[in-house]
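Coordinates from run_29.txt are shown below (compact mmCIF, C-alpha atoms).
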# COMPACT_ATOMS: atom_id res chain seq x y z
CA MET Z 200 106.94 94.13 74.57
CA LEU Z 201 104.97 94.65 77.79
CA PHE Z 202 101.62 96.19 78.54
CA SER Z 203 100.46 99.00 80.78
CA ALA Z 204 98.84 102.38 80.70
CA PHE Z 205 98.04 105.06 83.25
CA MET Z 206 94.87 105.16 81.29
CA VAL Z 207 94.55 101.51 80.38
CA PHE Z 208 92.59 102.39 77.28
CA PRO Z 209 93.77 104.15 74.10
CA VAL Z 210 92.30 107.39 72.86
CA SER Z 211 91.74 107.22 69.10
CA LEU Z 212 91.60 110.71 67.66
CA HIS Z 213 92.31 112.03 64.19
CA ALA Z 214 94.93 114.71 63.66
CA ASP Z 215 92.29 117.32 62.84
CA GLU Z 216 90.69 116.75 66.28
CA GLU Z 217 93.98 117.56 68.08
CA PRO Z 218 95.97 119.76 65.71
CA LEU Z 219 98.37 121.09 68.38
CA ALA Z 220 99.25 117.64 69.70
CA GLU Z 221 99.87 116.54 66.13
CA GLN Z 222 102.20 119.51 65.63
CA VAL Z 223 104.25 118.37 68.62
CA ARG Z 224 104.52 114.85 67.26
CA ASN Z 225 105.53 116.05 63.81
CA MET Z 226 108.22 118.33 65.25
CA LEU Z 227 109.72 116.13 67.96
CA GLN Z 228 109.05 112.49 67.22
CA HIS Z 229 111.00 110.79 64.46
CA GLU Z 230 112.59 107.37 64.12
CA ALA Z 231 116.18 108.49 64.71
CA PHE Z 232 115.47 111.27 67.22
CA THR Z 233 112.38 111.43 69.41
CA VAL Z 234 111.73 113.76 72.32
CA ASN Z 235 109.11 112.81 74.89
CA ALA Z 236 108.04 114.80 77.95
CA ILE Z 237 106.03 114.19 81.12
CA VAL Z 238 104.70 117.01 83.29
CA GLN Z 239 102.68 116.19 86.42
CA SER Z 240 101.00 118.23 89.14
CA CYS Z 241 99.85 116.43 92.30
CA PHE Z 242 97.66 117.05 95.34
CA TYR Z 243 97.54 114.92 98.51
CA TYR Z 244 95.05 115.27 101.34
CA SER Z 245 95.11 113.22 104.54
CA PHE Z 246 91.65 113.17 106.10
CA ASP Z 247 93.00 112.91 109.68
CA ASP Z 248 95.54 115.75 109.49
CA ASP Z 249 98.48 113.34 109.78
CA ASP Z 250 101.40 112.40 107.52
CA PHE Z 251 99.59 109.68 105.56
CA GLN Z 252 100.96 109.78 102.00
CA GLY Z 253 102.74 113.02 102.78
CA GLY Z 254 99.93 114.77 104.64
CA ARG Z 255 98.16 117.69 103.02
CA THR Z 256 100.23 119.20 100.25
CA PHE Z 257 100.53 120.27 96.66
CA GLU Z 258 103.50 118.77 94.85
CA ALA Z 259 105.30 119.10 91.57
CA GLY Z 260 105.18 115.52 90.37
CA ASP Z 261 107.48 114.04 87.78
CA VAL Z 262 108.89 116.44 85.21
CA ARG Z 263 110.79 114.21 82.81
CA LEU Z 264 112.40 114.47 79.39
CA SER Z 265 113.40 111.57 77.17
CA ILE Z 266 115.58 111.58 74.06
CA ARG Z 267 115.75 108.32 72.14
CA GLY Z 268 116.10 106.90 68.68
CA ILE Z 269 117.05 104.08 66.34
CA LEU Z 270 120.30 104.37 64.40
CA ASP Z 271 121.90 102.64 61.45
CA LYS Z 272 122.78 98.94 61.65
CA ARG Z 273 120.10 98.34 64.33
CA PHE Z 274 121.63 100.31 67.19
CA PHE Z 275 119.44 102.35 69.52
CA TYR Z 276 119.87 104.75 72.44
CA ARG Z 277 117.99 106.56 75.17
CA ILE Z 278 118.68 109.45 77.55
CA TYR Z 279 115.96 109.94 80.17
CA PHE Z 280 116.14 112.31 83.13
CA ASP Z 281 113.96 113.81 85.86
CA LEU Z 282 114.13 117.52 86.64
CA THR Z 283 112.51 117.24 90.10
CA ARG Z 284 114.54 114.49 91.81
CA GLU Z 285 118.09 113.42 92.55
CA PRO Z 286 119.78 111.68 90.87
CA ASN Z 287 118.41 113.30 87.72
CA MET Z 288 119.49 110.44 85.48
CA LEU Z 289 116.94 107.65 84.98
CA ASP Z 290 117.82 105.82 81.76
CA MET Z 291 121.05 106.26 79.87
CA TYR Z 292 121.78 103.31 77.64
CA VAL Z 293 122.79 102.11 74.21
CA GLY Z 294 121.66 98.88 72.62
CA TYR Z 295 121.57 96.60 69.64
CA ARG Z 296 118.46 94.98 68.19
CA HIS Z 297 119.18 91.85 66.22
CA SER Z 298 115.51 90.93 65.82
CA ASP Z 299 112.29 90.67 67.80
CA ALA Z 300 113.84 87.60 69.41
CA PHE Z 301 116.97 89.32 70.72
CA ARG Z 302 117.80 92.82 71.93
CA LEU Z 303 120.81 93.80 74.02
CA THR Z 304 120.85 96.89 76.26
CA ALA Z 305 123.81 98.29 78.20
CA GLY Z 306 123.71 101.11 80.76
CA ALA Z 307 121.24 102.63 83.20
CA GLN Z 308 117.82 101.10 82.59
CA LYS Z 309 114.57 99.84 84.15
CA PRO Z 310 114.75 96.07 84.74
CA GLN Z 311 111.70 94.14 83.57
CA GLN Z 312 110.81 92.47 86.86
CA SER Z 313 107.60 93.39 88.71
CA ILE Z 314 104.58 94.30 86.56
CA ASP Z 315 103.78 97.04 89.06
CA VAL Z 316 107.17 98.70 88.52
CA ILE Z 317 107.65 98.07 84.78
CA PRO Z 318 105.12 100.70 83.56
CA GLY Z 319 106.38 104.26 83.27
CA THR Z 320 105.29 106.88 85.76
CA TYR Z 321 102.65 108.12 83.29
CA GLU Z 322 101.30 104.62 82.54
CA THR Z 323 100.41 103.24 85.96
CA ASP Z 324 96.87 102.22 86.89
CA PHE Z 325 97.07 104.15 90.18
CA ILE Z 326 98.96 107.23 91.34
CA GLU Z 327 101.11 105.31 93.85
CA ARG Z 328 102.77 101.97 93.15
CA THR Z 329 102.06 99.02 95.45
CA MET Z 330 103.72 98.76 98.84
CA ILE Z 331 105.16 95.28 98.31
CA ALA Z 332 106.92 96.45 95.14
CA ARG Z 333 108.25 99.49 97.00
CA TYR Z 334 109.59 97.19 99.73
CA LEU Z 335 111.40 94.83 97.36
CA VAL Z 336 112.05 96.14 93.83
CA HIS Z 337 114.35 98.86 92.50
CA SER Z 338 113.04 100.89 89.59
CA ARG Z 339 116.45 101.46 87.98
CA GLU Z 340 119.77 99.61 87.77
CA ILE Z 341 123.03 99.89 85.80
CA GLY Z 342 124.11 96.83 83.89
CA LEU Z 343 123.59 94.64 80.85
CA SER Z 344 120.33 92.97 79.79
CA ALA Z 345 118.98 90.81 76.99
CA GLU Z 346 115.33 90.42 76.03
CA GLY Z 347 113.13 89.28 73.21
CA SER Z 348 109.90 87.70 72.07
CA VAL Z 349 109.60 84.28 70.46
CA GLY Z 350 106.02 83.69 69.45
CA GLN Z 351 103.90 84.31 72.53
CA ILE Z 352 106.81 84.02 74.95
CA TYR Z 353 108.72 87.06 76.17
CA TYR Z 354 111.98 86.65 78.10
CA TYR Z 355 114.25 89.04 79.96
CA GLY Z 356 117.55 88.53 81.76
CA GLY Z 357 120.11 90.96 83.09
CA ILE Z 358 123.13 91.36 85.33
CA PHE Z 359 123.48 94.61 87.29
CA ASN Z 360 125.46 96.39 89.98
CA GLY Z 361 122.50 95.90 92.31
CA ASN Z 362 123.05 99.37 93.71
CA ARG Z 363 120.43 101.41 91.83
CA LEU Z 364 122.07 104.12 89.73
CA ARG Z 365 125.42 104.05 91.49
CA SER Z 366 128.71 102.25 90.92
CA ASN Z 367 129.12 98.78 92.34
CA ASN Z 368 129.93 99.01 96.06
CA ASN Z 369 131.03 95.41 96.72
CA ASN Z 370 132.27 93.93 93.41
CA LYS Z 371 129.31 91.53 93.34
CA PHE Z 372 126.51 91.52 90.81
CA TYR Z 373 122.73 91.21 90.96
CA GLY Z 374 120.81 89.07 88.47
CA ILE Z 375 117.22 89.68 87.37
CA GLY Z 376 115.07 87.52 85.11
CA ARG Z 377 111.51 87.34 83.82
CA ILE Z 378 109.55 85.05 81.52
CA GLN Z 379 106.07 85.88 80.28
CA TYR Z 380 103.44 84.17 78.16
CA THR Z 381 100.85 86.20 76.26
CA ILE Z 382 97.50 85.03 74.94
CA ASP Z 383 96.41 87.82 72.63
CA ASP Z 384 93.83 86.06 70.50
CA LEU Z 385 91.17 85.73 73.18
CA SER Z 386 87.75 86.96 72.10
CA THR Z 387 87.57 88.97 75.33
CA GLY Z 388 91.00 90.60 75.07
CA GLY Z 389 94.62 89.84 75.95
CA LEU Z 390 96.03 87.89 78.91
CA GLN Z 391 99.62 87.99 80.15
CA ILE Z 392 101.05 85.60 82.74
CA GLY Z 393 104.57 86.05 84.12
CA LEU Z 394 107.17 84.64 86.49
CA GLN Z 395 110.14 86.65 87.69
CA GLY Z 396 113.03 86.47 90.13
CA SER Z 397 116.30 88.05 91.19
CA HIS Z 398 119.29 87.22 93.40
CA GLY Z 399 122.53 88.78 94.54
CA ASP Z 400 124.66 90.21 97.35
CA SER Z 401 123.69 93.87 97.81
CA GLU Z 402 125.33 94.82 101.11
CA GLY Z 403 124.57 98.38 102.22
CA VAL Z 404 121.71 98.89 99.75
CA ARG Z 405 118.09 99.62 100.70
CA SER Z 406 115.65 96.99 99.50
CA GLY Z 407 113.25 98.73 97.11
CA SER Z 408 112.47 102.32 98.06
CA LEU Z 409 110.90 101.63 101.49
CA GLY Z 410 112.45 98.35 102.64
CA PRO Z 411 115.26 97.64 105.13
CA ILE Z 412 118.98 98.14 104.52
CA LEU Z 413 120.60 94.92 103.33
CA ARG Z 414 123.68 93.33 104.93
CA GLY Z 415 124.13 90.64 102.27
CA ASN Z 416 122.09 88.48 99.94
CA ARG Z 417 118.55 89.04 98.73
CA THR Z 418 116.44 86.61 96.76
CA ILE Z 419 113.16 87.86 95.28
CA PHE Z 420 110.62 85.98 93.20
CA GLY Z 421 107.01 86.40 92.15
CA ALA Z 422 104.17 85.64 89.77
CA ASP Z 423 101.67 87.90 88.04
CA ALA Z 424 98.79 88.02 85.60
CA ARG Z 425 97.04 90.80 83.70
CA LEU Z 426 93.90 90.69 81.56
CA GLU Z 427 92.73 93.65 79.47
CA THR Z 428 89.61 93.84 77.31
CA ASP Z 429 87.78 96.75 75.73
CA ASN Z 430 85.94 97.41 78.98
CA VAL Z 431 87.56 95.38 81.76
CA LEU Z 432 90.93 95.30 83.50
CA PHE Z 433 92.14 92.63 85.93
CA ALA Z 434 95.65 92.40 87.38
CA ALA Z 435 97.21 90.48 90.26
CA GLU Z 436 100.75 89.94 91.51
CA TYR Z 437 102.47 88.12 94.35
CA LEU Z 438 105.99 89.04 95.48
CA THR Z 439 108.20 87.61 98.20
CA GLY Z 440 111.78 88.26 99.23
CA ILE Z 441 114.24 86.49 101.52
CA LEU Z 442 116.62 89.16 102.73
CA GLU Z 443 119.69 89.48 104.91
CA THR Z 444 119.02 92.81 106.63
CA GLN Z 445 120.98 95.06 108.95
CA ASP Z 446 118.11 95.35 111.45
CA LEU Z 447 118.08 91.54 111.92
CA PRO Z 448 121.78 90.54 112.06
CA ASP Z 449 121.19 86.96 113.25
CA THR Z 450 118.44 85.79 110.91
CA LYS Z 451 116.92 86.31 107.46
CA GLU Z 452 113.75 88.32 106.92
CA ARG Z 453 110.92 87.29 104.62
CA ILE Z 454 108.89 90.15 103.17
CA SER Z 455 105.86 89.12 101.14
CA GLY Z 456 102.72 90.63 99.71
CA TYR Z 457 100.19 90.74 96.92
CA TYR Z 458 97.69 92.98 95.21
CA VAL Z 459 94.56 92.50 93.13
CA THR Z 460 93.30 95.22 90.76
CA GLY Z 461 90.00 95.46 88.91
CA GLY Z 462 88.79 98.14 86.53
CA TYR Z 463 85.79 98.89 84.34
CA MET Z 464 85.29 101.41 81.56
CA ILE Z 465 82.20 103.46 82.34
CA GLN Z 466 82.65 105.84 79.38
CA GLU Z 467 84.84 105.98 76.29
CA ARG Z 468 87.58 107.87 78.13
CA THR Z 469 86.84 107.08 81.79
CA MET Z 470 87.71 104.03 83.84
CA VAL Z 471 86.93 103.29 87.49
CA LEU Z 472 89.33 101.02 89.39
CA GLY Z 473 89.81 99.32 92.71
CA ARG Z 474 92.90 97.71 94.27
CA TRP Z 475 93.34 95.65 97.41
CA GLN Z 476 96.90 95.11 98.59
CA SER Z 477 98.49 93.32 101.54
CA TRP Z 478 102.12 93.18 102.69
CA GLY Z 479 104.11 92.21 105.74
CA ARG Z 480 107.36 91.06 107.37
CA LYS Z 481 107.60 87.62 108.96
CA GLU Z 482 110.26 88.26 111.65
CA LEU Z 483 108.86 91.65 112.64
CA ASP Z 484 105.46 89.96 112.67
CA PHE Z 485 103.13 92.41 110.98
CA ARG Z 486 100.82 92.47 107.97
CA ASP Z 487 99.17 95.66 106.72
CA ASN Z 488 96.42 96.16 104.15
CA GLN Z 489 95.23 98.99 101.94
CA LEU Z 490 92.24 99.64 99.69
CA THR Z 491 92.48 102.12 96.82
CA LEU Z 492 89.58 103.33 94.67
CA GLY Z 493 90.39 105.34 91.57
CA VAL Z 494 89.09 107.16 88.50
CA ASN Z 495 91.24 107.69 85.40
CA HIS Z 496 90.08 110.06 82.68
CA ASP Z 497 91.66 111.11 79.38
CA PHE Z 498 90.79 114.66 78.31
CA THR Z 499 92.84 114.25 75.13
CA SER Z 500 95.52 111.90 73.85
CA VAL Z 501 98.14 113.87 75.86
CA ALA Z 502 96.26 115.28 78.89
CA SER Z 503 94.79 113.08 81.63
CA LEU Z 504 93.53 113.10 85.22
CA GLY Z 505 93.77 110.50 87.99
CA ILE Z 506 91.93 110.56 91.33
CA ASN Z 507 92.59 108.02 94.11
CA ALA Z 508 90.98 107.49 97.52
CA ASP Z 509 93.02 105.32 99.93
CA ALA Z 510 92.13 103.53 103.15
CA PHE Z 511 95.09 102.08 105.07
CA PHE Z 512 94.44 99.31 107.62
CA PRO Z 513 97.59 98.60 109.68
CA GLU Z 514 97.84 95.58 111.94
CA SER Z 515 98.68 97.93 114.80
CA GLY Z 516 97.71 101.58 115.12
CA ASP Z 517 94.87 103.62 113.73
CA ASN Z 518 93.41 103.38 110.26
CA GLN Z 519 94.38 106.21 107.89
CA TYR Z 520 92.51 107.72 104.96
CA GLY Z 521 93.57 110.02 102.15
CA LEU Z 522 92.85 111.48 98.74
CA SER Z 523 95.30 112.05 95.90
CA VAL Z 524 94.93 113.77 92.52
CA ILE Z 525 97.29 113.92 89.58
CA LEU Z 526 96.96 116.03 86.43
CA GLN Z 527 99.46 115.24 83.71
CA VAL Z 528 100.51 116.01 80.18
CA THR Z 529 102.65 113.53 78.31
CA PHE Z 530 103.73 113.30 74.70

What is this file in structure tokens?
Amino acid sequence: MLFSAFMVFPVSLHADEEPLAEQVRNMLQHEAFTVNAIVQSCFYYSFDDDDFQGGRTFEAGDVRLSIRGILDKRFFYRIYFDLTREPNMLDMYVGYRHSDAFRLTAGAQKPQQSIDVIPGTYETDFIERTMIARYLVHSREIGLSAEGSVGQIYYYGGIFNGNRLRSNNNNKFYGIGRIQYTIDDLSTGGLQIGLQGSHGDSEGVRSGSLGPILRGNRTIFGADARLETDNVLFAAEYLTGILETQDLPDTKERISGYYVTGGYMIQERTMVLGRWQSWGRKELDFRDNQLTLGVNHDFTSVASLGINADAFFPESGDNQYGLSVILQVTF
């Protein structure tokens, strides 16, 4: 369907090289009933003894369990929850797969919109997602979606409450769509190019996880590209939103931003990465920037380490610098 990996490279190991991991897979992962788990431990350190990225702290990261499977007559299901956050429910849906060209999903799910938000928490290139995505895009919604692949074209469309994982608060719906073209026969690797957008009245809802509270309509659209080869990663995305917000009752706000990511494999299991991102609000008249340098390393097929160094350059105020580390096990 879509790409992504916290480690953007696979680890190819035989069962006899990781006998305990293979035992877990044999016990818990079957076509009709599969259990997956994510366990993360995090450390954040602000160089200036301030609250940048949470200050200086150890944290229990995501601790998540997923139960999913494929049933008779092409039905499927998933239950996915987080033990460290409220609400605990993440995904809770049932669906029907007619073919590769058409799948229908109903319930709590992750909309396929921004390529920065689509990857799971254990699959991201960096520890923190981009700021523009956090300003504009929700990670979960409740509703109905259809998706499929026809040749090299992938499509996605859904209608949702527009209120994250809560019941509809205004009897109006929020539509999300994405179309993507994949070139997977390049000699250098695979390239994916996508367009996406969403629109709806979401009064009283926060835009994204960091954005303003909405008083009415929001329209979001963007474009993205991602290239992956055996040794090189390149990704870029532009997002913009026209929002009716509570803090600006007499006008609409435009929030826009972009990021560019590059990565290179320096060893079989180690990749170094860099990301430049920029975001801002037109009416509030600011644009901030941030540089992130990272190292991702796979110890095994289930255990991995990520290290990020961040430099934040606000339009007003002092620059801020920090370090973050994540150790995770996922199977």

Under the rule that all atoms listed in the file are counted, which of Z:Val528, Z:His398, Z:Gln489, Z:Pro513 is the nearest residue to Glu327 in chain Z?
Z:Gln489

Set the distance at 7 Å and use all atoms listed in the file: which residues neighbour range 357-374 of chain Z once local chain neighbours fewer than 6 positions away are removed? I'd like the list as a list in words.
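My list of contacting residues is Ala307, His337, Arg339, Glu340, Ile341, Gly342, Leu343, Ser344, Ala345, Ser397, His398, Gly399, Asp400, Ser401 and Val404 of chain Z.
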
Could you give me, as an NGL selection string, the residues within 12 Å of Glu285 in chain Z, counting all atoms listed in the file and dropping anything in the same chain fewer than 3 positions from it?
:Z and (261 or 280-282 or 288-289 or 364-365)

Using all atoms of range 293-304 of chain Z that appear in the file, construct an axis-aligned enclosing box with 6 Å of padding on every side and provide its centre coordinates and edge lengths in Å, rounded to one decimal, as lines of an AutoDock Vina configuration file.
center_x = 117.5
center_y = 94.9
center_z = 71.0
size_x = 22.5
size_y = 26.5
size_z = 22.4

Would you mind reading off the distance between CA of Ser298 in chain Z and CA of Phe232 in chain Z, one decimal, in Å?
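Atom-to-atom, CA of Ser298 in chain Z to CA of Phe232 in chain Z, that is 20.4 Å.
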
Non-local contacts of Glu452 in chain Z (12 Å; all atoms listed in the file; under 6 positions in same chain excluded) as a PyMOL selection string
chain Z and resi 335+406+410-419+439-446+479-484

If you measure from CA of Tyr458 in chain Z to CA of Ala434 in chain Z, what distance in Å do you get, rounded to one decimal?
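For CA of Tyr458 in chain Z relative to CA of Ala434 in chain Z, the distance reads 8.1 Å.
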
How many Å separate CA of Gln252 in chain Z from CA of Gln527 in chain Z?
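Between CA of Gln252 in chain Z and CA of Gln527 in chain Z the gap is 19.1 Å.
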
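With only C-alpha atoms as the atoms that count, the residue of Z:Leu270, Z:Met464, Z:Met470, Z:Leu264 with the shortest distance to Asn287 in chain Z is Z:Leu264.
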
Within 6 Å of range 492-503 of chain Z using all atoms listed in the file, minus same-chain residues under 5 positions, as a ChimeraX atom specification
/Z:210,468-473,508,527-530

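Proximity of Z:Gln228, Z:Ile525, Z:Gly350, Z:Gln311 to Ile378 in chain Z, computed with all atoms listed in the file, is greatest for Z:Gln311.
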
Residue among Z:Ile465, Z:Ala332, Z:Glu402, Z:Arg453 lying closest to Val316 in chain Z, counting all atoms listed in the file:
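Of all the options, Z:Ala332 lies closest to Val316 in chain Z.
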
Calculated over all atoms listed in the file, which of the candidates Z:Glu258, Z:Asp315, Z:Asp384, Z:Glu346 has the smallest distance to Gln476 in chain Z?
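Going through Z:Glu258, Z:Asp315, Z:Asp384, Z:Glu346 one by one, the smallest distance to Gln476 in chain Z is for Z:Asp315.
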
Residue neighbourhood Ile326 in chain Z, 9 Å, only C-alpha atoms, exclusion window fewer than 2 positions, as a list in words:
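The residues that qualify are Phe205, Thr320, Tyr321, Thr323, Asp324, Arg328, Gly493, Gly505, Ile506, Asn507, Ser523, Val524 and Ile525 of chain Z.
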
With distances taken over all atoms listed in the file, which residue among Z:Ile314, Z:Cys241, Z:Ile382, Z:Ala220 lies nearest Gln395 in chain Z?
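Among the listed residues, the smallest separation from Gln395 in chain Z belongs to Z:Ile314.
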